[in-house]
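Right, one structure below, let's go through it.
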Amino acid sequence: MKSVRLLDVKRIEPTDADLPREGKSKVLIKVELCGICGSDLHIWENGRPEGLIPGHELSGTVFDPGPAGGVLKAGDRVTAVPVNPCGTCSACMSMQFNRCLNLMADAPGITTPGAFAEYFAITAGSVRKMPDSMSFEEGAMVEPSAVALHAVNLAGIEPGDKVLIVGGGIIGLLSAAWARICGAAHIGLSEMNAKRGEKALALGDVDEVYDARDPKLQKKLLALTGGGFDKVIECAGPAPAVKSAIGATAHGAVVVLAGISYSDIPVSTMRIAMRELTLKGSYAYTLGEFDTTMDYIARKVLKTERFIDETIGLEGVQSAFTRLADPTGHVVKILVRPH
Ligand SMILES: [Zn+2]
Ligand SMILES: [Zn+2]
């Protein structure tokens, strides 16, 4: 089958691969679409694991239901929760699969073969049938939308809240969309790339965009909001973004850290203490949040097709990764169509 493989640092190329053969223990899916995610870009920038087929935000049709033969049949339109929790650790036993202690042992597209390929195999329990009202594009958007829902849930956004999103990538934009659904009164976005800022405004979930490069931004935001934002969701990762997230808070605010940084970041513990802030880390989502996301997308409450910039073939993946990683670029979401 056709696929793409990670060959080196910032190098991913089309290759032929064997059809996933999982001894009939998994469901074989013919991939229709698979989104390129921020974590795919991290893997690409590091060039590891070498030889990996990335991709975990997929939709497709069942090709061979394997052990799920009683529940699924060939041709069923599906998406999948791209995790294979071990089912036996203490976190799995309490249904917190995103905290599974062995999650990285079999993380499709991260440590084991993913869905930038014509076919993809995954545990039966992770497969979700898509309602007829859901397009393949929407199916591929469920996973990143669930990541954003988890961050928004952790923030505890309530009607009337002033919300700041830091970073206008896809998770930031989706977080803004969820914050709007939750009834936030004002949603601001801090972003250093003007093109992404314009895009966010055009999408309509964000009320105002602030230039993250402005050295006086923190002062301005505190004045503008009459003392700071109630809920802040940091979706960028680098140190200046985390610092500005903490700096723009009101007393008693919640700051959710959904962006990922590989280096340690110094923060003002003085501000955290004196403003009595709550800092929370956000990672993946619960099974319930994945299913809630499917429901909101199927009912078109959360409209996700508008976030998609392009759909490309496997031969365009290297160029797409390069463009998505460009901090001055305007694209935030590209889907891959392997067939
Ligand atoms: Zn993802
Ligand atoms: Zn586990």
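Identifiers in this document derive from the order of the structure tokens: chains are assigned A, B, ..., residues are numbered from 1 separately in each chain, and ligands are numbered from 1 in order of occurrence.
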Taking only C-alpha atoms and all ligand atoms into account, produce a table as a tab-separated table in which each residue of chain A with an atom at most 10 Å from an atom of ligand 1 appears once, together with its shortest atom pair and the distance in Å to one decimal, ordered by chain and rising number.
```
residue	atom	partner	partner_atom_place_in_ligand_line	distance
A:Cys34	CA	ligand 1	1 (Zn)	9.8
A:Gly35	CA	ligand 1	1 (Zn)	7.6
A:Ile36	CA	ligand 1	1 (Zn)	7.3
A:Cys37	CA	ligand 1	1 (Zn)	4.5
A:Gly38	CA	ligand 1	1 (Zn)	6.5
A:Ser39	CA	ligand 1	1 (Zn)	6.2
A:Asp40	CA	ligand 1	1 (Zn)	7.5
A:Gly55	CA	ligand 1	1 (Zn)	8.0
A:His56	CA	ligand 1	1 (Zn)	6.3
A:Glu57	CA	ligand 1	1 (Zn)	5.8
A:Leu58	CA	ligand 1	1 (Zn)	9.6
A:Pro82	CA	ligand 1	1 (Zn)	8.8
A:Gly109	CA	ligand 1	1 (Zn)	9.5
A:Ile110	CA	ligand 1	1 (Zn)	9.9
A:Ala140	CA	ligand 1	1 (Zn)	9.7
A:Met141	CA	ligand 1	1 (Zn)	9.0
A:Val142	CA	ligand 1	1 (Zn)	9.4
A:Glu143	CA	ligand 1	1 (Zn)	6.1
A:Pro144	CA	ligand 1	1 (Zn)	5.1
A:Ser145	CA	ligand 1	1 (Zn)	8.9
A:Ala146	CA	ligand 1	1 (Zn)	9.2
A:Val147	CA	ligand 1	1 (Zn)	7.5
A:Ile170	CA	ligand 1	1 (Zn)	9.8
A:Ile171	CA	ligand 1	1 (Zn)	9.1
A:Ala284	CA	ligand 1	1 (Zn)	8.4
```
Those same residues - C-alpha atoms - I'd like them written as a compact mmCIF listing (two decimals), in the first residue's frame.
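Printed below is selection_27.txt as written:
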```txt
# COMPACT_ATOMS: atom_id res chain seq x y z
CA CYS A 34 -6.17 12.05 7.90
CA GLY A 35 -5.37 15.46 9.35
CA ILE A 36 -1.84 16.75 10.00
CA CYS A 37 -1.54 17.60 13.69
CA GLY A 38 0.88 19.73 15.73
CA SER A 39 2.29 16.57 17.30
CA ASP A 40 3.05 15.23 13.78
CA GLY A 55 -1.09 10.26 11.28
CA HIS A 56 -3.83 9.82 13.91
CA GLU A 57 -6.73 12.14 12.97
CA LEU A 58 -8.53 9.88 10.57
CA PRO A 82 -6.26 7.02 18.09
CA GLY A 109 0.95 7.51 14.44
CA ILE A 110 3.22 8.42 17.38
CA ALA A 140 -11.05 13.67 10.56
CA MET A 141 -11.68 16.80 12.64
CA VAL A 142 -13.14 14.95 15.67
CA GLU A 143 -9.77 14.19 17.28
CA PRO A 144 -8.31 17.74 17.32
CA SER A 145 -11.74 19.08 18.33
CA ALA A 146 -11.76 16.67 21.30
CA VAL A 147 -8.30 17.92 22.33
CA ILE A 170 -5.90 24.80 15.08
CA ILE A 171 -6.24 23.93 18.80
CA ALA A 284 -5.56 14.50 25.00
```
>> Excluding Ser282 (chain A) and its own-chain neighbours fewer than 6 positions away, which residues fall within 9 Å of it when counting only C-alpha atoms? Please give them as a VMD selection string.
In response: chain A and resid 147 150 to 151 154 256 to 259
>> Quick one: residues within 7 Å of region 175-179 of chain A, only C-alpha atoms, excluding same-chain residues fewer than 5 positions away - as a PyMOL selection string?
In response: chain A and resi 148-149+152+157+165+184+187+205-206
> Quick one: residues within 8 Å of ligand 2, with only C-alpha atoms and all ligand atoms, as number ranges by chain?
Replying inline: A: 85-93, 97, 99-103
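When the distance limit is 10 Å and only C-alpha atoms are what count, the residues near Leu287 (chain A), minus those fewer than 3 positions from it on the same chain, are Val81, Met95, Gln96, Phe97, Asn98, Ser126, Ala146, Ala284, Phe290, Asp291, Thr292 and Thr293 of chain A.
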